[in-house]
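These notes concern the structure reproduced below.
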Number of protein chains: 2
Amino acid sequence: MSDARSEVSVEGACDTLERLYENPDEKLAELLEYRPDDERVEAPYQVFRALANEDRLRLLEALSHGELCGCELMVILDAPQSTVATHLRKLREAALVKRRKKGKWNYYRIADTAVMELLDLAGAIHEE
Amino acid sequence: MSDARSEVSVEGACDTLERLYENPDEKLAELLEYRPDDERVEAPYQVFRALANEDRLRLLEALSHGELCGCELMVILDAPQSTVATHLRKLREAALVKRRKKGKWNYYRIADTAVMELLDLAGAIHEE
DNA sequence: CGCTCATATCGCGTTGTTACGATTTAAAAG
DNA sequence: CTTTTAAATCGTAACAACGCGATATGAGCG
């Protein structure tokens, strides 16, 4: 994806840099160091993707009160079973919740205290 | 949206609760308290939505090194101007970055230290 | 085994997001 | 006032996420 880009897009932007700085090559090298490695971005991306949905945030808020089973979460979300199951799968894939199987039931819980810290931090940012 | 749901979906789930608990009405009331208010969910949702994109995470990582102008960010992302501008608008709407206008140029910076804390926390969660 | 019930997964129509060229706006500079 | 040039916005085609009914899986029970 970025291979296709790099041939065209950078050119125009580099013209700008040539005018802005006296030694554009050096500056360009500095800027490219600011671009993070793909791996650096991958992990938080998976987490934020899972968090970018109102119903999944509701599930996490509900689970912050303690462990709950799938059918209880259906009631809380007021959504059909397949919908809730899919949300829970995504939360699990992002390592935000853990599942405990007990007989016919599945019990879900928040995987780590960092998860609720994340929600609180995000809530605080958008309040100002 | 949840109005259309509540007529049908909850019924099946309530059957389950009736079997699970001896006083289902009481339990149901308790569960419904676990469902967070819409406002509680709205703010973090807006933030996570803005963070759920690899290029926007790259922009934030780049800006963690300090203030940068739009054309520098074009070079770093290696993406066309309109694409970068759209990403920056979304980050700004979510209050994650701030803009300083100086003549023809716009300089962007991280709005709050909480933003990078958020990225670091999210990165840590998915590592385990 | 066959039945029931909690979950998981599949299929697919709908909705939301992204990328990016083209166009517009706005601030210098000539 | 016209020309540059950085940035914003618009239009739209491609893509990804979502909702949810239908179907499958799998654990307990009779």
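Naming scheme: A, B, ... for chains in displayed order of the structure tokens; residues 1 onward per chain; ligands 1 onward as shown.
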
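Residue-level contact on chain C: within 12 Å of chain B, counting only C-alpha atoms (C1' of nucleotides), the set is DC5, DA6, DG16, DT17, DT18, DA19, DC20, DG21, DA22, DT23, DT25, DA26, DA27, DA28 and DA29 of chain C.
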
Superposed chain B (ref. Chain A, all C-alpha pairs in order) as an mmCIF file with N, CA and C atoms, in the first residue's frame:
```cif
data_model
loop_
_atom_site.group_PDB
_atom_site.id
_atom_site.type_symbol
_atom_site.label_atom_id
_atom_site.label_comp_id
_atom_site.auth_asym_id
_atom_site.auth_seq_id
_atom_site.Cartn_x
_atom_site.Cartn_y
_atom_site.Cartn_z
ATOM 1 N N MET B 1 0.724 -1.275 -0.037
ATOM 2 C CA MET B 1 -0.077 -0.057 -0.005
ATOM 3 C C MET B 1 0.793 1.171 -0.003
ATOM 4 N N SER B 2 1.774 1.221 0.910
ATOM 5 C CA SER B 2 2.602 2.420 0.937
ATOM 6 C C SER B 2 3.631 2.388 -0.191
ATOM 7 N N ASP B 3 3.821 1.219 -0.807
ATOM 8 C CA ASP B 3 4.704 1.158 -1.973
ATOM 9 C C ASP B 3 4.124 1.937 -3.140
ATOM 10 N N ALA B 4 2.862 1.741 -3.363
ATOM 11 C CA ALA B 4 2.195 2.421 -4.470
ATOM 12 C C ALA B 4 2.230 3.931 -4.261
ATOM 13 N N ARG B 5 2.097 4.307 -2.984
ATOM 14 C CA ARG B 5 2.096 5.721 -2.683
ATOM 15 C C ARG B 5 3.428 6.386 -2.969
ATOM 16 N N SER B 6 4.480 5.832 -2.410
ATOM 17 C CA SER B 6 5.718 6.585 -2.244
ATOM 18 C C SER B 6 6.271 7.169 -3.531
ATOM 19 N N GLU B 7 5.846 6.642 -4.654
ATOM 20 C CA GLU B 7 6.385 7.149 -5.922
ATOM 21 C C GLU B 7 5.847 8.547 -6.232
ATOM 22 N N VAL B 8 4.594 8.761 -5.949
ATOM 23 C CA VAL B 8 3.943 9.998 -6.348
ATOM 24 C C VAL B 8 3.847 11.013 -5.208
ATOM 25 N N SER B 9 3.208 10.597 -4.131
ATOM 26 C CA SER B 9 2.784 11.541 -3.103
ATOM 27 C C SER B 9 3.914 12.373 -2.538
ATOM 28 N N VAL B 10 5.026 11.743 -2.231
ATOM 29 C CA VAL B 10 6.058 12.453 -1.500
ATOM 30 C C VAL B 10 6.629 13.611 -2.311
ATOM 31 N N GLU B 11 6.654 13.457 -3.601
ATOM 32 C CA GLU B 11 7.255 14.484 -4.452
ATOM 33 C C GLU B 11 6.787 15.900 -4.147
ATOM 34 N N GLY B 12 5.465 16.083 -4.190
ATOM 35 C CA GLY B 12 4.911 17.409 -3.949
ATOM 36 C C GLY B 12 5.297 17.920 -2.576
ATOM 37 N N ALA B 13 5.178 17.059 -1.605
ATOM 38 C CA ALA B 13 5.488 17.459 -0.241
ATOM 39 C C ALA B 13 6.961 17.825 -0.105
ATOM 40 N N CYS B 14 7.829 17.127 -0.846
ATOM 41 C CA CYS B 14 9.249 17.408 -0.757
ATOM 42 C C CYS B 14 9.583 18.778 -1.328
ATOM 43 N N ASP B 15 8.867 19.174 -2.354
ATOM 44 C CA ASP B 15 9.040 20.515 -2.897
ATOM 45 C C ASP B 15 8.873 21.538 -1.786
ATOM 46 N N THR B 16 7.819 21.333 -1.016
ATOM 47 C CA THR B 16 7.541 22.248 0.081
ATOM 48 C C THR B 16 8.700 22.285 1.054
ATOM 49 N N LEU B 17 9.183 21.105 1.412
ATOM 50 C CA LEU B 17 10.274 21.054 2.377
ATOM 51 C C LEU B 17 11.526 21.736 1.847
ATOM 52 N N GLU B 18 11.736 21.603 0.544
ATOM 53 C CA GLU B 18 12.916 22.242 -0.063
ATOM 54 C C GLU B 18 12.876 23.752 0.118
ATOM 55 N N ARG B 19 11.677 24.283 0.087
ATOM 56 C CA ARG B 19 11.548 25.725 0.276
ATOM 57 C C ARG B 19 11.630 26.107 1.752
ATOM 58 N N LEU B 20 11.152 25.211 2.586
ATOM 59 C CA LEU B 20 11.088 25.514 4.018
ATOM 60 C C LEU B 20 12.457 25.459 4.688
ATOM 61 N N TYR B 21 13.247 24.481 4.293
ATOM 62 C CA TYR B 21 14.514 24.257 4.986
ATOM 63 C C TYR B 21 15.680 24.401 4.031
ATOM 64 N N GLU B 22 16.806 24.792 4.547
ATOM 65 C CA GLU B 22 17.962 24.959 3.676
ATOM 66 C C GLU B 22 18.600 23.624 3.311
ATOM 67 N N ASN B 23 18.514 22.648 4.231
ATOM 68 C CA ASN B 23 19.060 21.321 3.912
ATOM 69 C C ASN B 23 17.950 20.262 3.978
ATOM 70 N N PRO B 24 17.181 20.206 2.920
ATOM 71 C CA PRO B 24 15.984 19.373 2.929
ATOM 72 C C PRO B 24 16.269 17.885 3.087
ATOM 73 N N ASP B 25 17.368 17.416 2.570
ATOM 74 C CA ASP B 25 17.667 15.989 2.668
ATOM 75 C C ASP B 25 17.796 15.561 4.120
ATOM 76 N N GLU B 26 18.529 16.378 4.864
ATOM 77 C CA GLU B 26 18.733 16.094 6.274
ATOM 78 C C GLU B 26 17.401 16.106 7.014
ATOM 79 N N LYS B 27 16.614 17.151 6.747
ATOM 80 C CA LYS B 27 15.306 17.297 7.389
ATOM 81 C C LYS B 27 14.417 16.113 7.059
ATOM 82 N N LEU B 28 14.455 15.697 5.793
ATOM 83 C CA LEU B 28 13.618 14.585 5.367
ATOM 84 C C LEU B 28 13.979 13.318 6.124
ATOM 85 N N ALA B 29 15.277 13.078 6.272
ATOM 86 C CA ALA B 29 15.716 11.894 7.013
ATOM 87 C C ALA B 29 15.213 11.956 8.449
ATOM 88 N N GLU B 30 15.258 13.163 9.025
ATOM 89 C CA GLU B 30 14.783 13.326 10.400
ATOM 90 C C GLU B 30 13.300 13.003 10.493
ATOM 91 N N LEU B 31 12.540 13.545 9.553
ATOM 92 C CA LEU B 31 11.092 13.323 9.570
ATOM 93 C C LEU B 31 10.754 11.844 9.459
ATOM 94 N N LEU B 32 11.477 11.160 8.576
ATOM 95 C CA LEU B 32 11.160 9.751 8.370
ATOM 96 C C LEU B 32 11.415 8.922 9.622
ATOM 97 N N GLU B 33 12.300 9.423 10.484
ATOM 98 C CA GLU B 33 12.514 8.720 11.744
ATOM 99 C C GLU B 33 11.313 8.847 12.666
ATOM 100 N N TYR B 34 10.539 9.885 12.481
ATOM 101 C CA TYR B 34 9.364 10.087 13.321
ATOM 102 C C TYR B 34 8.265 9.085 12.979
ATOM 103 N N ARG B 35 8.306 8.571 11.780
ATOM 104 C CA ARG B 35 7.284 7.596 11.394
ATOM 105 C C ARG B 35 7.518 6.305 12.167
ATOM 106 N N PRO B 36 6.515 5.877 12.944
ATOM 107 C CA PRO B 36 6.717 4.678 13.770
ATOM 108 C C PRO B 36 6.723 3.414 12.926
ATOM 109 N N ASP B 37 7.372 2.381 13.439
ATOM 110 C CA ASP B 37 7.331 1.073 12.782
ATOM 111 C C ASP B 37 5.905 0.540 12.780
ATOM 112 N N ASP B 38 5.639 -0.310 11.790
ATOM 113 C CA ASP B 38 4.307 -0.890 11.682
ATOM 114 C C ASP B 38 3.915 -1.653 12.947
ATOM 115 N N GLU B 39 4.858 -2.375 13.521
ATOM 116 C CA GLU B 39 4.520 -3.174 14.719
ATOM 117 C C GLU B 39 4.121 -2.273 15.884
ATOM 118 N N ARG B 40 4.739 -1.121 15.974
ATOM 119 C CA ARG B 40 4.448 -0.185 17.056
ATOM 120 C C ARG B 40 2.984 0.237 17.009
ATOM 121 N N VAL B 41 2.437 0.275 15.813
ATOM 122 C CA VAL B 41 1.087 0.783 15.613
ATOM 123 C C VAL B 41 0.052 -0.342 15.662
ATOM 124 N N GLU B 42 0.488 -1.518 15.292
ATOM 125 C CA GLU B 42 -0.438 -2.647 15.136
ATOM 126 C C GLU B 42 -1.202 -2.997 16.415
ATOM 127 N N ALA B 43 -0.486 -3.132 17.538
ATOM 128 C CA ALA B 43 -1.135 -3.577 18.776
ATOM 129 C C ALA B 43 -2.206 -2.597 19.253
ATOM 130 N N PRO B 44 -1.858 -1.315 19.412
ATOM 131 C CA PRO B 44 -2.916 -0.390 19.841
ATOM 132 C C PRO B 44 -4.054 -0.307 18.825
ATOM 133 N N TYR B 45 -3.743 -0.465 17.564
ATOM 134 C CA TYR B 45 -4.800 -0.422 16.546
ATOM 135 C C TYR B 45 -5.845 -1.500 16.788
ATOM 136 N N GLN B 46 -5.392 -2.711 17.056
ATOM 137 C CA GLN B 46 -6.330 -3.816 17.311
ATOM 138 C C GLN B 46 -7.214 -3.522 18.517
ATOM 139 N N VAL B 47 -6.620 -2.912 19.533
ATOM 140 C CA VAL B 47 -7.389 -2.581 20.733
ATOM 141 C C VAL B 47 -8.426 -1.501 20.438
ATOM 142 N N PHE B 48 -7.992 -0.437 19.785
ATOM 143 C CA PHE B 48 -8.913 0.676 19.536
ATOM 144 C C PHE B 48 -10.029 0.282 18.585
ATOM 145 N N ARG B 49 -9.712 -0.592 17.666
ATOM 146 C CA ARG B 49 -10.727 -1.070 16.740
ATOM 147 C C ARG B 49 -11.845 -1.791 17.512
ATOM 148 N N ALA B 50 -11.446 -2.571 18.487
ATOM 149 C CA ALA B 50 -12.442 -3.291 19.285
ATOM 150 C C ALA B 50 -13.244 -2.332 20.163
ATOM 151 N N LEU B 51 -12.646 -1.219 20.538
ATOM 152 C CA LEU B 51 -13.309 -0.268 21.432
ATOM 153 C C LEU B 51 -14.184 0.728 20.681
ATOM 154 N N ALA B 52 -14.068 0.758 19.363
ATOM 155 C CA ALA B 52 -14.756 1.781 18.572
ATOM 156 C C ALA B 52 -16.180 1.370 18.237
ATOM 157 N N ASN B 53 -16.934 0.979 19.262
ATOM 158 C CA ASN B 53 -18.321 0.577 19.046
ATOM 159 C C ASN B 53 -19.097 0.772 20.353
ATOM 160 N N GLU B 54 -20.216 1.442 20.259
ATOM 161 C CA GLU B 54 -20.949 1.800 21.477
ATOM 162 C C GLU B 54 -21.420 0.576 22.258
ATOM 163 N N ASP B 55 -21.914 -0.444 21.567
ATOM 164 C CA ASP B 55 -22.394 -1.624 22.291
ATOM 165 C C ASP B 55 -21.264 -2.341 23.006
ATOM 166 N N ARG B 56 -20.097 -2.401 22.372
ATOM 167 C CA ARG B 56 -18.987 -3.077 23.041
ATOM 168 C C ARG B 56 -18.520 -2.281 24.259
ATOM 169 N N LEU B 57 -18.584 -0.949 24.189
ATOM 170 C CA LEU B 57 -18.260 -0.147 25.369
ATOM 171 C C LEU B 57 -19.279 -0.411 26.469
ATOM 172 N N ARG B 58 -20.535 -0.592 26.089
ATOM 173 C CA ARG B 58 -21.565 -0.903 27.095
ATOM 174 C C ARG B 58 -21.268 -2.237 27.757
ATOM 175 N N LEU B 59 -20.852 -3.218 26.969
ATOM 176 C CA LEU B 59 -20.509 -4.516 27.543
ATOM 177 C C LEU B 59 -19.396 -4.369 28.568
ATOM 178 N N LEU B 60 -18.370 -3.610 28.230
ATOM 179 C CA LEU B 60 -17.250 -3.443 29.150
ATOM 180 C C LEU B 60 -17.684 -2.727 30.420
ATOM 181 N N GLU B 61 -18.502 -1.695 30.266
ATOM 182 C CA GLU B 61 -18.989 -0.985 31.454
ATOM 183 C C GLU B 61 -19.791 -1.929 32.345
ATOM 184 N N ALA B 62 -20.610 -2.756 31.721
ATOM 185 C CA ALA B 62 -21.403 -3.710 32.494
ATOM 186 C C ALA B 62 -20.488 -4.690 33.223
ATOM 187 N N LEU B 63 -19.485 -5.175 32.514
ATOM 188 C CA LEU B 63 -18.574 -6.158 33.111
ATOM 189 C C LEU B 63 -17.692 -5.540 34.189
ATOM 190 N N SER B 64 -17.612 -4.225 34.209
ATOM 191 C CA SER B 64 -16.810 -3.588 35.255
ATOM 192 C C SER B 64 -17.461 -3.808 36.622
ATOM 193 N N HIS B 65 -18.743 -4.198 36.634
ATOM 194 C CA HIS B 65 -19.407 -4.517 37.907
ATOM 195 C C HIS B 65 -19.106 -5.938 38.361
ATOM 196 N N GLY B 66 -18.505 -6.720 37.480
ATOM 197 C CA GLY B 66 -18.186 -8.100 37.836
ATOM 198 C C GLY B 66 -18.537 -9.051 36.716
ATOM 199 N N GLU B 67 -18.180 -10.292 36.906
ATOM 200 C CA GLU B 67 -18.388 -11.336 35.902
ATOM 201 C C GLU B 67 -19.877 -11.512 35.577
ATOM 202 N N LEU B 68 -20.151 -11.698 34.288
ATOM 203 C CA LEU B 68 -21.536 -11.915 33.854
ATOM 204 C C LEU B 68 -21.552 -12.973 32.766
ATOM 205 N N CYS B 69 -22.674 -13.688 32.642
ATOM 206 C CA CYS B 69 -22.741 -14.707 31.599
ATOM 207 C C CYS B 69 -23.392 -14.147 30.342
ATOM 208 N N GLY B 70 -23.237 -14.843 29.242
ATOM 209 C CA GLY B 70 -23.702 -14.389 27.944
ATOM 210 C C GLY B 70 -25.159 -13.974 27.941
ATOM 211 N N CYS B 71 -26.014 -14.771 28.562
ATOM 212 C CA CYS B 71 -27.437 -14.443 28.486
ATOM 213 C C CYS B 71 -27.780 -13.212 29.303
ATOM 214 N N GLU B 72 -27.020 -12.967 30.362
ATOM 215 C CA GLU B 72 -27.229 -11.735 31.119
ATOM 216 C C GLU B 72 -26.826 -10.523 30.279
ATOM 217 N N LEU B 73 -25.768 -10.695 29.524
ATOM 218 C CA LEU B 73 -25.310 -9.583 28.675
ATOM 219 C C LEU B 73 -26.313 -9.289 27.557
ATOM 220 N N MET B 74 -26.991 -10.335 27.080
ATOM 221 C CA MET B 74 -28.066 -10.123 26.112
ATOM 222 C C MET B 74 -29.140 -9.198 26.662
ATOM 223 N N VAL B 75 -29.510 -9.446 27.924
ATOM 224 C CA VAL B 75 -30.534 -8.616 28.559
ATOM 225 C C VAL B 75 -30.038 -7.181 28.689
ATOM 226 N N ILE B 76 -28.795 -7.040 29.130
ATOM 227 C CA ILE B 76 -28.242 -5.711 29.364
ATOM 228 C C ILE B 76 -28.150 -4.904 28.072
ATOM 229 N N LEU B 77 -27.666 -5.550 27.025
ATOM 230 C CA LEU B 77 -27.549 -4.846 25.740
ATOM 231 C C LEU B 77 -28.891 -4.718 25.043
ATOM 232 N N ASP B 78 -29.816 -5.613 25.375
ATOM 233 C CA ASP B 78 -31.101 -5.651 24.701
ATOM 234 C C ASP B 78 -30.900 -5.874 23.194
ATOM 235 N N ALA B 79 -30.125 -6.903 22.890
ATOM 236 C CA ALA B 79 -29.809 -7.230 21.501
ATOM 237 C C ALA B 79 -29.890 -8.742 21.318
ATOM 238 N N PRO B 80 -30.132 -9.208 20.091
ATOM 239 C CA PRO B 80 -30.248 -10.643 19.853
ATOM 240 C C PRO B 80 -28.939 -11.387 20.123
ATOM 241 N N GLN B 81 -29.055 -12.677 20.344
ATOM 242 C CA GLN B 81 -27.933 -13.503 20.767
ATOM 243 C C GLN B 81 -26.756 -13.431 19.802
ATOM 244 N N SER B 82 -27.019 -13.510 18.519
ATOM 245 C CA SER B 82 -25.898 -13.547 17.577
ATOM 246 C C SER B 82 -25.120 -12.234 17.591
ATOM 247 N N THR B 83 -25.839 -11.150 17.787
ATOM 248 C CA THR B 83 -25.179 -9.845 17.847
ATOM 249 C C THR B 83 -24.253 -9.763 19.062
ATOM 250 N N VAL B 84 -24.779 -10.168 20.205
ATOM 251 C CA VAL B 84 -23.985 -10.108 21.434
ATOM 252 C C VAL B 84 -22.772 -11.029 21.335
ATOM 253 N N ALA B 85 -22.988 -12.221 20.786
ATOM 254 C CA ALA B 85 -21.890 -13.183 20.674
ATOM 255 C C ALA B 85 -20.768 -12.624 19.799
ATOM 256 N N THR B 86 -21.134 -11.954 18.720
ATOM 257 C CA THR B 86 -20.127 -11.374 17.833
ATOM 258 C C THR B 86 -19.338 -10.279 18.552
ATOM 259 N N HIS B 87 -20.032 -9.431 19.287
ATOM 260 C CA HIS B 87 -19.327 -8.385 20.037
ATOM 261 C C HIS B 87 -18.355 -9.003 21.042
ATOM 262 N N LEU B 88 -18.811 -10.032 21.719
ATOM 263 C CA LEU B 88 -17.951 -10.654 22.731
ATOM 264 C C LEU B 88 -16.735 -11.317 22.096
ATOM 265 N N ARG B 89 -16.917 -11.869 20.919
ATOM 266 C CA ARG B 89 -15.778 -12.477 20.228
ATOM 267 C C ARG B 89 -14.725 -11.416 19.917
ATOM 268 N N LYS B 90 -15.193 -10.259 19.423
ATOM 269 C CA LYS B 90 -14.246 -9.193 19.086
ATOM 270 C C LYS B 90 -13.513 -8.679 20.318
ATOM 271 N N LEU B 91 -14.235 -8.551 21.406
ATOM 272 C CA LEU B 91 -13.579 -8.097 22.642
ATOM 273 C C LEU B 91 -12.544 -9.116 23.109
ATOM 274 N N ARG B 92 -12.874 -10.386 22.905
ATOM 275 C CA ARG B 92 -11.956 -11.434 23.325
ATOM 276 C C ARG B 92 -10.720 -11.487 22.420
ATOM 277 N N GLU B 93 -10.947 -11.307 21.125
ATOM 278 C CA GLU B 93 -9.821 -11.314 20.186
ATOM 279 C C GLU B 93 -8.852 -10.170 20.479
ATOM 280 N N ALA B 94 -9.381 -9.068 20.982
ATOM 281 C CA ALA B 94 -8.521 -7.929 21.301
ATOM 282 C C ALA B 94 -7.966 -8.038 22.715
ATOM 283 N N ALA B 95 -8.234 -9.169 23.377
ATOM 284 C CA ALA B 95 -7.705 -9.427 24.727
ATOM 285 C C ALA B 95 -8.247 -8.463 25.766
ATOM 286 N N LEU B 96 -9.460 -7.969 25.533
ATOM 287 C CA LEU B 96 -10.047 -7.037 26.496
ATOM 288 C C LEU B 96 -10.891 -7.749 27.535
ATOM 289 N N VAL B 97 -11.449 -8.901 27.166
ATOM 290 C CA VAL B 97 -12.194 -9.696 28.141
ATOM 291 C C VAL B 97 -11.698 -11.141 28.110
ATOM 292 N N LYS B 98 -11.968 -11.848 29.189
ATOM 293 C CA LYS B 98 -11.649 -13.263 29.257
ATOM 294 C C LYS B 98 -12.929 -14.055 29.453
ATOM 295 N N ARG B 99 -12.903 -15.316 29.039
ATOM 296 C CA ARG B 99 -14.088 -16.145 29.119
ATOM 297 C C ARG B 99 -13.809 -17.336 30.023
ATOM 298 N N ARG B 100 -14.800 -17.683 30.833
ATOM 299 C CA ARG B 100 -14.700 -18.870 31.668
ATOM 300 C C ARG B 100 -15.883 -19.748 31.286
ATOM 301 N N LYS B 101 -15.613 -20.959 30.823
ATOM 302 C CA LYS B 101 -16.693 -21.861 30.427
ATOM 303 C C LYS B 101 -17.111 -22.687 31.627
ATOM 304 N N LYS B 102 -18.392 -22.727 31.875
ATOM 305 C CA LYS B 102 -18.880 -23.575 32.962
ATOM 306 C C LYS B 102 -20.137 -24.266 32.459
ATOM 307 N N GLY B 103 -19.988 -25.550 32.130
ATOM 308 C CA GLY B 103 -21.119 -26.299 31.582
ATOM 309 C C GLY B 103 -21.625 -25.623 30.329
ATOM 310 N N LYS B 104 -22.901 -25.380 30.328
ATOM 311 C CA LYS B 104 -23.537 -24.800 29.146
ATOM 312 C C LYS B 104 -23.277 -23.297 29.059
ATOM 313 N N TRP B 105 -22.852 -22.706 30.169
ATOM 314 C CA TRP B 105 -22.736 -21.250 30.209
ATOM 315 C C TRP B 105 -21.318 -20.746 29.996
ATOM 316 N N ASN B 106 -21.225 -19.515 29.496
ATOM 317 C CA ASN B 106 -19.936 -18.815 29.395
ATOM 318 C C ASN B 106 -19.987 -17.581 30.274
ATOM 319 N N TYR B 107 -18.999 -17.437 31.098
ATOM 320 C CA TYR B 107 -18.931 -16.243 31.932
ATOM 321 C C TYR B 107 -17.811 -15.355 31.428
ATOM 322 N N TYR B 108 -18.118 -14.074 31.306
ATOM 323 C CA TYR B 108 -17.138 -13.113 30.786
ATOM 324 C C TYR B 108 -16.724 -12.160 31.894
ATOM 325 N N ARG B 109 -15.455 -11.727 31.793
ATOM 326 C CA ARG B 109 -14.972 -10.713 32.739
ATOM 327 C C ARG B 109 -13.907 -9.856 32.059
ATOM 328 N N ILE B 110 -13.688 -8.663 32.596
ATOM 329 C CA ILE B 110 -12.651 -7.763 32.109
ATOM 330 C C ILE B 110 -11.296 -8.451 32.276
ATOM 331 N N ALA B 111 -10.458 -8.382 31.239
ATOM 332 C CA ALA B 111 -9.198 -9.129 31.258
ATOM 333 C C ALA B 111 -8.149 -8.495 32.156
ATOM 334 N N ASP B 112 -8.236 -7.183 32.329
ATOM 335 C CA ASP B 112 -7.129 -6.475 32.983
ATOM 336 C C ASP B 112 -7.645 -5.117 33.481
ATOM 337 N N THR B 113 -7.095 -4.660 34.592
ATOM 338 C CA THR B 113 -7.544 -3.356 35.097
ATOM 339 C C THR B 113 -7.237 -2.235 34.107
ATOM 340 N N ALA B 114 -6.223 -2.471 33.273
ATOM 341 C CA ALA B 114 -5.862 -1.450 32.279
ATOM 342 C C ALA B 114 -7.027 -1.134 31.352
ATOM 343 N N VAL B 115 -7.923 -2.089 31.153
ATOM 344 C CA VAL B 115 -9.036 -1.864 30.230
ATOM 345 C C VAL B 115 -9.942 -0.743 30.723
ATOM 346 N N MET B 116 -10.313 -0.788 31.983
ATOM 347 C CA MET B 116 -11.192 0.276 32.484
ATOM 348 C C MET B 116 -10.439 1.601 32.611
ATOM 349 N N GLU B 117 -9.145 1.523 32.888
ATOM 350 C CA GLU B 117 -8.341 2.754 32.893
ATOM 351 C C GLU B 117 -8.399 3.432 31.526
ATOM 352 N N LEU B 118 -8.330 2.588 30.497
ATOM 353 C CA LEU B 118 -8.406 3.082 29.122
ATOM 354 C C LEU B 118 -9.722 3.822 28.885
ATOM 355 N N LEU B 119 -10.828 3.216 29.295
ATOM 356 C CA LEU B 119 -12.138 3.858 29.118
ATOM 357 C C LEU B 119 -12.218 5.180 29.874
ATOM 358 N N ASP B 120 -11.715 5.174 31.098
ATOM 359 C CA ASP B 120 -11.804 6.391 31.901
ATOM 360 C C ASP B 120 -10.965 7.506 31.298
ATOM 361 N N LEU B 121 -9.762 7.159 30.871
ATOM 362 C CA LEU B 121 -8.884 8.146 30.234
ATOM 363 C C LEU B 121 -9.561 8.739 29.010
ATOM 364 N N ALA B 122 -10.118 7.879 28.185
ATOM 365 C CA ALA B 122 -10.756 8.347 26.950
ATOM 366 C C ALA B 122 -11.940 9.238 27.275
ATOM 367 N N GLY B 123 -12.708 8.870 28.279
ATOM 368 C CA GLY B 123 -13.850 9.687 28.677
ATOM 369 C C GLY B 123 -13.402 11.060 29.136
ATOM 370 N N ALA B 124 -12.280 11.102 29.844
ATOM 371 C CA ALA B 124 -11.786 12.370 30.369
ATOM 372 C C ALA B 124 -11.324 13.298 29.254
ATOM 373 N N ILE B 125 -10.693 12.738 28.237
ATOM 374 C CA ILE B 125 -10.176 13.568 27.149
ATOM 375 C C ILE B 125 -11.275 14.348 26.458
ATOM 376 N N HIS B 126 -12.352 13.704 26.188
ATOM 377 C CA HIS B 126 -13.394 14.340 25.369
ATOM 378 C C HIS B 126 -14.290 15.266 26.174
ATOM 379 N N GLU B 127 -14.035 15.408 27.451
ATOM 380 C CA GLU B 127 -14.907 16.233 28.297
ATOM 381 C C GLU B 127 -14.553 17.716 28.269
ATOM 382 N N GLU B 128 -13.316 18.019 27.861
ATOM 383 C CA GLU B 128 -12.840 19.402 28.058
ATOM 384 C C GLU B 128 -13.305 20.410 27.023
#
```

Write out as a PyMOL selection string all residues of chain B that backbone DSSP assigns to helix (DSSP H, G or I). chain B and resi 2-6+9-20+24-34+38-51+54-63+70-77+81-93+113-125

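Within chain A, the backbone-based DSSP assignment of strand (DSSP E or B) covers Leu68, Cys69, Val97, Lys98, Arg99, Arg100, Lys101, Lys102, Trp105, Asn106, Tyr107, Tyr108, Arg109 and Ile110 of chain A.
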
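Going from atom C1' of DG13 of chain C to atom C1' of DA16 of chain D covers 14.3 Å.
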
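Atom C1' of DT24 of chain C to atom C1' of DA8 of chain D spans 8.0 Å [interatomic distance, one decimal].
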
Could you list the residues in chain D lying within 7 Å of chain A, using only C-alpha atoms (C1' of nucleotides), and format the result as a VMD selection string? chain D and resid 19 to 20 27

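Taking atom C1' of DT4 of chain C and atom C1' of DG21 of chain D as the two end points, the separation is 20.2 Å.
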